[in-house]
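Below is one structure, written out as structure tokens, with a few remarks after it.
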Amino acid sequence: MTDTDDAALQVALAYHRAWTGHDFEQAMSYIDPDIVCDAPAGRLTGAEAFRAFMGPFTAIVTGSQLIAAFGDGTTALVMYDTATRPVAQAPGAECVTVADGRITYMRIIFDRLPFETARQAVTP
């Protein structure tokens, strides 16, 4: 495999570094205006819907640890643990499709249980 054969992986990692590093505007530069994102909350279409979904989450992230990342010229998978203000460990993964240096499709999978447990702990 040559360096050009992992273009999607490089974009996915750059996007991941940006949002976990609290540079959400940089992260959004890797998002296609017409992105389709399948997330646990449902399907999002377009960069503004994606921004409205991911922006608040990135604001509560306090740290991140990359577990694994794999990819080729068009598809990449990034798996990670995030630490957030309400939850110390929140595992997640993103499978992305990339075209012309931008993420055109993303499927996000994350464990919602730690967040639900944290919500229940503060709700009487």
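Residues in the structure tokens are numbered from 1 in each chain, the chains being A, B, ... in the order shown, and ligands are numbered from 1 in the order shown.
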Subject >> Exercise: Ala41 of chain A partners within 12 Å, only C-alpha atoms, chain neighbours under 3 positions left out, as a PyMOL selection string >> reply: chain A and resi 37-38+44+50+53-54+107-110+112
Preceding selection exported with all heavy atoms as a short mmCIF file (atom, residue, chain, number, x, y, z; two decimals), in the first residue's frame:
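Written file, result-v6.cif:
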```cif
data_model
loop_
_atom_site.label_atom_id
_atom_site.label_comp_id
_atom_site.auth_asym_id
_atom_site.auth_seq_id
_atom_site.Cartn_x
_atom_site.Cartn_y
_atom_site.Cartn_z
N CYS A 37 -25.05 11.50 7.46
CA CYS A 37 -24.50 10.89 8.67
C CYS A 37 -25.58 10.05 9.35
O CYS A 37 -26.65 10.57 9.68
CB CYS A 37 -24.02 11.97 9.63
SG CYS A 37 -23.41 11.32 11.21
N ASP A 38 -25.29 8.79 9.53
CA ASP A 38 -26.16 7.91 10.30
C ASP A 38 -25.59 7.82 11.70
O ASP A 38 -24.48 7.31 11.90
CB ASP A 38 -26.27 6.53 9.64
CG ASP A 38 -27.11 6.57 8.39
OD1 ASP A 38 -28.16 7.25 8.40
OD2 ASP A 38 -26.73 5.93 7.39
N LEU A 44 -28.78 12.29 9.62
CA LEU A 44 -28.57 13.72 9.47
C LEU A 44 -28.14 13.97 8.03
O LEU A 44 -27.33 13.21 7.48
CB LEU A 44 -27.46 14.21 10.40
CG LEU A 44 -27.60 13.84 11.87
CD1 LEU A 44 -26.29 14.02 12.60
CD2 LEU A 44 -28.69 14.67 12.50
N PHE A 50 -25.25 18.28 10.60
CA PHE A 50 -24.13 17.59 11.23
C PHE A 50 -23.49 18.47 12.30
O PHE A 50 -23.19 18.03 13.40
CB PHE A 50 -23.10 17.21 10.16
CG PHE A 50 -21.93 16.44 10.71
CD1 PHE A 50 -22.03 15.09 10.96
CD2 PHE A 50 -20.74 17.08 10.99
CE1 PHE A 50 -20.96 14.38 11.47
CE2 PHE A 50 -19.66 16.39 11.50
CZ PHE A 50 -19.77 15.04 11.75
N PHE A 53 -25.46 18.56 15.45
CA PHE A 53 -25.36 17.30 16.20
C PHE A 53 -24.00 17.18 16.89
O PHE A 53 -23.93 16.91 18.09
CB PHE A 53 -25.57 16.12 15.25
CG PHE A 53 -25.28 14.78 15.87
CD1 PHE A 53 -26.14 14.22 16.79
CD2 PHE A 53 -24.13 14.08 15.52
CE1 PHE A 53 -25.87 12.98 17.36
CE2 PHE A 53 -23.85 12.85 16.08
CZ PHE A 53 -24.73 12.30 17.00
N MET A 54 -22.92 17.38 16.16
CA MET A 54 -21.58 17.14 16.70
C MET A 54 -21.04 18.29 17.54
O MET A 54 -20.28 18.07 18.47
CB MET A 54 -20.58 16.85 15.58
CG MET A 54 -20.53 15.42 15.13
SD MET A 54 -20.11 14.22 16.40
CE MET A 54 -18.36 14.47 16.61
N ARG A 107 -20.94 7.00 9.45
CA ARG A 107 -21.78 6.21 10.35
C ARG A 107 -21.10 6.22 11.71
O ARG A 107 -19.96 5.78 11.84
CB ARG A 107 -21.96 4.79 9.86
CG ARG A 107 -22.88 4.00 10.78
CD ARG A 107 -23.30 2.71 10.19
NE ARG A 107 -24.25 2.08 11.10
CZ ARG A 107 -24.69 0.86 10.95
NH1 ARG A 107 -24.31 0.15 9.91
NH2 ARG A 107 -25.54 0.36 11.81
N ILE A 108 -21.79 6.78 12.69
CA ILE A 108 -21.25 6.89 14.04
C ILE A 108 -21.91 5.85 14.93
O ILE A 108 -23.14 5.73 14.95
CB ILE A 108 -21.52 8.29 14.64
CG1 ILE A 108 -20.91 9.38 13.76
CG2 ILE A 108 -20.99 8.37 16.07
CD1 ILE A 108 -21.30 10.78 14.18
N ILE A 109 -21.09 5.13 15.65
CA ILE A 109 -21.59 4.18 16.65
C ILE A 109 -20.92 4.53 17.97
O ILE A 109 -19.71 4.71 18.02
CB ILE A 109 -21.26 2.73 16.24
CG1 ILE A 109 -21.98 2.41 14.92
CG2 ILE A 109 -21.65 1.75 17.35
CD1 ILE A 109 -21.62 1.08 14.33
N PHE A 110 -21.74 4.70 19.01
CA PHE A 110 -21.15 4.92 20.33
C PHE A 110 -22.05 4.33 21.39
O PHE A 110 -23.24 4.09 21.17
CB PHE A 110 -20.85 6.39 20.61
CG PHE A 110 -22.05 7.28 20.72
CD1 PHE A 110 -22.70 7.47 21.93
CD2 PHE A 110 -22.51 7.96 19.60
CE1 PHE A 110 -23.80 8.31 22.03
CE2 PHE A 110 -23.61 8.80 19.70
CZ PHE A 110 -24.26 8.97 20.92
N ARG A 112 -24.25 4.52 24.31
CA ARG A 112 -25.08 5.53 24.97
C ARG A 112 -25.29 5.24 26.46
O ARG A 112 -25.68 6.12 27.20
CB ARG A 112 -26.43 5.61 24.27
CG ARG A 112 -26.32 6.10 22.85
CD ARG A 112 -27.63 6.06 22.15
NE ARG A 112 -28.19 7.41 22.14
CZ ARG A 112 -29.30 7.73 21.53
NH1 ARG A 112 -30.01 6.83 20.92
NH2 ARG A 112 -29.73 8.96 21.55
#
```
Go through chain A and collect every residue that DSSP, computed from the backbone, puts in strand (DSSP E); the answer should be as a tab-separated table (two decimals) with N, CA, C and O atoms, in the first residue's frame.
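So the final result, stored in result.tsv, reads:
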```tsv
chain	number	residue	atom	x	y	z
A	31	ILE	N	-15.66	18.09	6.38
A	31	ILE	CA	-17.02	17.62	6.17
A	31	ILE	C	-17.58	18.20	4.88
A	31	ILE	O	-17.58	19.41	4.67
A	32	ASP	N	-18.07	17.33	4.02
A	32	ASP	CA	-18.69	17.75	2.77
A	32	ASP	C	-20.00	18.50	3.06
A	32	ASP	O	-20.73	18.11	3.98
A	33	PRO	N	-20.31	19.54	2.31
A	33	PRO	CA	-21.57	20.27	2.55
A	33	PRO	C	-22.81	19.38	2.48
A	33	PRO	O	-23.81	19.65	3.15
A	34	ASP	N	-22.74	18.30	1.69
A	34	ASP	CA	-23.89	17.41	1.52
A	34	ASP	C	-23.73	16.10	2.28
A	34	ASP	O	-24.33	15.08	1.90
A	35	ILE	N	-22.96	16.10	3.36
A	35	ILE	CA	-22.73	14.87	4.12
A	35	ILE	C	-24.05	14.22	4.52
A	35	ILE	O	-25.05	14.88	4.80
A	36	VAL	N	-24.02	12.90	4.53
A	36	VAL	CA	-25.08	12.09	5.12
A	36	VAL	C	-24.44	11.36	6.29
A	36	VAL	O	-23.40	10.73	6.13
A	37	CYS	N	-25.05	11.50	7.46
A	37	CYS	CA	-24.50	10.89	8.67
A	37	CYS	C	-25.58	10.05	9.35
A	37	CYS	O	-26.65	10.57	9.68
A	38	ASP	N	-25.29	8.79	9.53
A	38	ASP	CA	-26.16	7.91	10.30
A	38	ASP	C	-25.59	7.82	11.70
A	38	ASP	O	-24.48	7.31	11.90
A	39	ALA	N	-26.33	8.36	12.66
A	39	ALA	CA	-25.91	8.43	14.05
A	39	ALA	C	-26.94	7.70	14.91
A	39	ALA	O	-28.05	7.42	14.43
A	42	GLY	N	-30.34	9.06	14.65
A	42	GLY	CA	-31.03	9.05	13.36
A	42	GLY	C	-30.15	9.62	12.26
A	42	GLY	O	-28.99	9.94	12.47
A	43	ARG	N	-30.74	9.76	11.08
A	43	ARG	CA	-30.00	10.23	9.91
A	43	ARG	C	-29.97	11.76	9.89
A	43	ARG	O	-30.99	12.42	10.09
A	44	LEU	N	-28.78	12.29	9.62
A	44	LEU	CA	-28.57	13.72	9.47
A	44	LEU	C	-28.14	13.97	8.03
A	44	LEU	O	-27.33	13.21	7.48
A	45	THR	N	-28.66	15.02	7.42
A	45	THR	CA	-28.31	15.34	6.05
A	45	THR	C	-27.84	16.78	5.98
A	45	THR	O	-28.55	17.69	6.41
A	61	VAL	N	-16.17	17.35	25.36
A	61	VAL	CA	-15.04	16.40	25.34
A	61	VAL	C	-13.86	17.00	26.10
A	61	VAL	O	-13.48	18.15	25.89
A	62	THR	N	-13.32	16.20	27.01
A	62	THR	CA	-12.14	16.63	27.78
A	62	THR	C	-10.89	15.85	27.40
A	62	THR	O	-9.79	16.24	27.77
A	63	GLY	N	-11.05	14.77	26.67
A	63	GLY	CA	-9.90	13.99	26.23
A	63	GLY	C	-10.33	12.88	25.29
A	63	GLY	O	-11.51	12.58	25.18
A	64	SER	N	-9.36	12.29	24.62
A	64	SER	CA	-9.65	11.21	23.69
A	64	SER	C	-8.43	10.32	23.54
A	64	SER	O	-7.30	10.78	23.59
A	65	GLN	N	-8.71	9.03	23.37
A	65	GLN	CA	-7.64	8.07	23.11
A	65	GLN	C	-8.02	7.26	21.89
A	65	GLN	O	-9.06	6.60	21.86
A	66	LEU	N	-7.18	7.31	20.88
A	66	LEU	CA	-7.39	6.55	19.66
A	66	LEU	C	-7.10	5.08	19.96
A	66	LEU	O	-6.06	4.74	20.50
A	67	ILE	N	-8.04	4.22	19.63
A	67	ILE	CA	-7.86	2.78	19.83
A	67	ILE	C	-7.30	2.13	18.57
A	67	ILE	O	-6.32	1.38	18.62
A	68	ALA	N	-7.91	2.43	17.42
A	68	ALA	CA	-7.45	1.86	16.16
A	68	ALA	C	-8.01	2.68	15.01
A	68	ALA	O	-9.05	3.33	15.14
A	69	ALA	N	-7.31	2.62	13.88
A	69	ALA	CA	-7.76	3.30	12.67
A	69	ALA	C	-7.27	2.51	11.46
A	69	ALA	O	-6.10	2.12	11.42
A	70	PHE	N	-8.16	2.29	10.52
A	70	PHE	CA	-7.84	1.55	9.32
A	70	PHE	C	-8.52	2.24	8.15
A	70	PHE	O	-9.58	2.85	8.32
A	71	GLY	N	-7.93	2.15	6.97
A	71	GLY	CA	-8.59	2.74	5.83
A	71	GLY	C	-7.84	2.55	4.54
A	71	GLY	O	-6.73	2.02	4.51
A	75	THR	N	-12.51	4.70	2.07
A	75	THR	CA	-13.23	4.35	3.30
A	75	THR	C	-12.25	4.23	4.46
A	75	THR	O	-11.15	3.72	4.30
A	76	ALA	N	-12.70	4.69	5.64
A	76	ALA	CA	-11.86	4.56	6.84
A	76	ALA	C	-12.74	4.29	8.05
A	76	ALA	O	-13.91	4.67	8.09
A	77	LEU	N	-12.15	3.63	9.04
A	77	LEU	CA	-12.80	3.34	10.29
A	77	LEU	C	-11.88	3.81	11.42
A	77	LEU	O	-10.71	3.44	11.45
A	78	VAL	N	-12.42	4.62	12.31
A	78	VAL	CA	-11.67	5.14	13.45
A	78	VAL	C	-12.44	4.76	14.71
A	78	VAL	O	-13.62	5.04	14.83
A	79	MET	N	-11.75	4.09	15.64
A	79	MET	CA	-12.35	3.70	16.92
A	79	MET	C	-11.59	4.39	18.03
A	79	MET	O	-10.36	4.48	17.99
A	80	TYR	N	-12.33	4.90	19.02
A	80	TYR	CA	-11.71	5.71	20.06
A	80	TYR	C	-12.51	5.65	21.36
A	80	TYR	O	-13.67	5.22	21.38
A	81	ASP	N	-11.88	6.10	22.42
A	81	ASP	CA	-12.54	6.38	23.70
A	81	ASP	C	-12.48	7.87	23.91
A	81	ASP	O	-11.43	8.48	23.67
A	82	THR	N	-13.57	8.46	24.33
A	82	THR	CA	-13.53	9.87	24.70
A	82	THR	C	-13.85	10.01	26.18
A	82	THR	O	-14.59	9.20	26.75
A	83	ALA	N	-13.28	11.03	26.77
A	83	ALA	CA	-13.65	11.44	28.12
A	83	ALA	C	-14.45	12.73	27.94
A	83	ALA	O	-14.08	13.58	27.12
A	84	THR	N	-15.55	12.85	28.67
A	84	THR	CA	-16.37	14.04	28.58
A	84	THR	C	-16.65	14.55	29.99
A	84	THR	O	-16.39	13.85	30.97
A	90	ALA	N	-16.29	7.07	27.15
A	90	ALA	CA	-17.37	6.92	26.18
A	90	ALA	C	-16.79	6.39	24.88
A	90	ALA	O	-16.27	7.16	24.07
A	91	PRO	N	-16.84	5.08	24.66
A	91	PRO	CA	-16.28	4.52	23.44
A	91	PRO	C	-17.15	4.83	22.22
A	91	PRO	O	-18.37	4.92	22.32
A	92	GLY	N	-16.47	5.01	21.08
A	92	GLY	CA	-17.19	5.29	19.85
A	92	GLY	C	-16.39	4.86	18.64
A	92	GLY	O	-15.20	4.53	18.74
A	93	ALA	N	-17.05	4.88	17.49
A	93	ALA	CA	-16.39	4.56	16.23
A	93	ALA	C	-17.09	5.30	15.11
A	93	ALA	O	-18.30	5.57	15.18
A	94	GLU	N	-16.32	5.65	14.10
A	94	GLU	CA	-16.85	6.32	12.92
A	94	GLU	C	-16.34	5.60	11.68
A	94	GLU	O	-15.13	5.41	11.53
A	95	CYS	N	-17.24	5.21	10.82
A	95	CYS	CA	-16.88	4.66	9.52
A	95	CYS	C	-17.24	5.74	8.50
A	95	CYS	O	-18.39	6.20	8.47
A	96	VAL	N	-16.27	6.16	7.71
A	96	VAL	CA	-16.49	7.28	6.80
A	96	VAL	C	-16.17	6.90	5.36
A	96	VAL	O	-15.34	6.03	5.09
A	97	THR	N	-16.84	7.60	4.47
A	97	THR	CA	-16.52	7.56	3.05
A	97	THR	C	-16.01	8.95	2.69
A	97	THR	O	-16.60	9.95	3.09
A	98	VAL	N	-14.92	8.99	1.93
A	98	VAL	CA	-14.27	10.26	1.60
A	98	VAL	C	-14.18	10.40	0.08
A	98	VAL	O	-13.87	9.43	-0.63
A	99	ALA	N	-14.47	11.60	-0.39
A	99	ALA	CA	-14.28	11.94	-1.80
A	99	ALA	C	-13.70	13.35	-1.87
A	99	ALA	O	-14.17	14.25	-1.15
A	102	ARG	N	-12.93	15.22	1.45
A	102	ARG	CA	-13.99	15.54	2.41
A	102	ARG	C	-14.82	14.30	2.73
A	102	ARG	O	-15.02	13.42	1.88
A	103	ILE	N	-15.34	14.28	3.93
A	103	ILE	CA	-16.18	13.16	4.38
A	103	ILE	C	-17.58	13.38	3.83
A	103	ILE	O	-18.25	14.35	4.15
A	104	THR	N	-18.01	12.44	2.98
A	104	THR	CA	-19.33	12.54	2.35
A	104	THR	C	-20.38	11.69	3.06
A	104	THR	O	-21.57	11.95	2.94
A	105	TYR	N	-19.91	10.66	3.77
A	105	TYR	CA	-20.81	9.80	4.53
A	105	TYR	C	-20.10	9.39	5.82
A	105	TYR	O	-18.90	9.12	5.82
A	106	MET	N	-20.87	9.37	6.91
A	106	MET	CA	-20.32	8.93	8.19
A	106	MET	C	-21.38	8.11	8.92
A	106	MET	O	-22.55	8.50	8.96
A	107	ARG	N	-20.94	7.00	9.45
A	107	ARG	CA	-21.78	6.21	10.35
A	107	ARG	C	-21.10	6.22	11.71
A	107	ARG	O	-19.96	5.78	11.84
A	108	ILE	N	-21.79	6.78	12.69
A	108	ILE	CA	-21.25	6.89	14.04
A	108	ILE	C	-21.91	5.85	14.93
A	108	ILE	O	-23.14	5.73	14.95
A	109	ILE	N	-21.09	5.13	15.65
A	109	ILE	CA	-21.59	4.18	16.65
A	109	ILE	C	-20.92	4.53	17.97
A	109	ILE	O	-19.71	4.71	18.02
A	110	PHE	N	-21.74	4.70	19.01
A	110	PHE	CA	-21.15	4.92	20.33
A	110	PHE	C	-22.05	4.33	21.39
A	110	PHE	O	-23.24	4.09	21.17
```
**OP:** Write down as a PyMOL selection string the residues of chain A whose backbone DSSP state falls under alpha helix (DSSP H).
**Re:** chain A and resi 7-20+24-28+47-60+113-122
**OP:** Tell me, as a ChimeraX atom specification, which residues lie within 8 Å of Gly73 of chain A, counting only C-alpha atoms; anything in the same chain fewer than 5 positions away does not count.
**Re:** /A:4-9,98
**OP:** Tell me, as a PyMOL selection string, which residues lie within 6 Å of Ala18 of chain A, counting only C-alpha atoms; anything in the same chain fewer than 5 positions away does not count.
**Re:** chain A and resi 23+26-27
Export, as a PDB file, in the first residue's frame, the selected residues with all heavy atoms.
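New file out-v4.pdb:
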```pdb
ATOM      1  N   ASP A  23     -10.848  21.930  18.035  1.00  0.00           N
ATOM      2  CA  ASP A  23     -10.858  22.822  16.888  1.00  0.00           C
ATOM      3  C   ASP A  23     -11.973  22.357  15.952  1.00  0.00           C
ATOM      4  O   ASP A  23     -11.728  21.770  14.893  1.00  0.00           O
ATOM      5  CB  ASP A  23      -9.495  22.820  16.186  1.00  0.00           C
ATOM      6  CG  ASP A  23      -9.386  23.928  15.150  1.00  0.00           C
ATOM      7  OD1 ASP A  23     -10.418  24.549  14.800  1.00  0.00           O
ATOM      8  OD2 ASP A  23      -8.253  24.166  14.683  1.00  0.00           O
ATOM      9  N   GLN A  26     -11.969  23.549  12.306  1.00  0.00           N
ATOM     10  CA  GLN A  26     -11.044  22.775  11.472  1.00  0.00           C
ATOM     11  C   GLN A  26     -11.672  21.424  11.132  1.00  0.00           C
ATOM     12  O   GLN A  26     -11.593  20.966   9.992  1.00  0.00           O
ATOM     13  CB  GLN A  26      -9.698  22.581  12.176  1.00  0.00           C
ATOM     14  CG  GLN A  26      -8.707  21.747  11.393  1.00  0.00           C
ATOM     15  CD  GLN A  26      -8.266  22.411  10.090  1.00  0.00           C
ATOM     16  OE1 GLN A  26      -8.225  23.634   9.982  1.00  0.00           O
ATOM     17  NE2 GLN A  26      -7.945  21.609   9.104  1.00  0.00           N
ATOM     18  N   ALA A  27     -12.292  20.784  12.118  1.00  0.00           N
ATOM     19  CA  ALA A  27     -12.958  19.503  11.872  1.00  0.00           C
ATOM     20  C   ALA A  27     -14.013  19.641  10.775  1.00  0.00           C
ATOM     21  O   ALA A  27     -14.113  18.785   9.884  1.00  0.00           O
ATOM     22  CB  ALA A  27     -13.588  18.972  13.163  1.00  0.00           C
TER      23      ALA A  27
END
```
Original post:
What gap, in Å, lies between atom CA of Gln120 of chain A and atom CA of Trp19 of chain A?
Top reply: 27.2 Å
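Excluding Glu116 of chain A itself and same-chain residues fewer than 5 positions from it, the residues having an atom within 12 Å of it are A:Pro86, A:Val87, A:Ala90, A:Asp111, A:Ala121, A:Val122, A:Thr123, counting only C-alpha atoms.
Comparing the minimum interatomic distances between Tyr30 of chain A and each of A:Pro114, A:Gly55, A:Gly101, A:Gly46, counting only C-alpha atoms, we find that A:Gly101 sits nearest.
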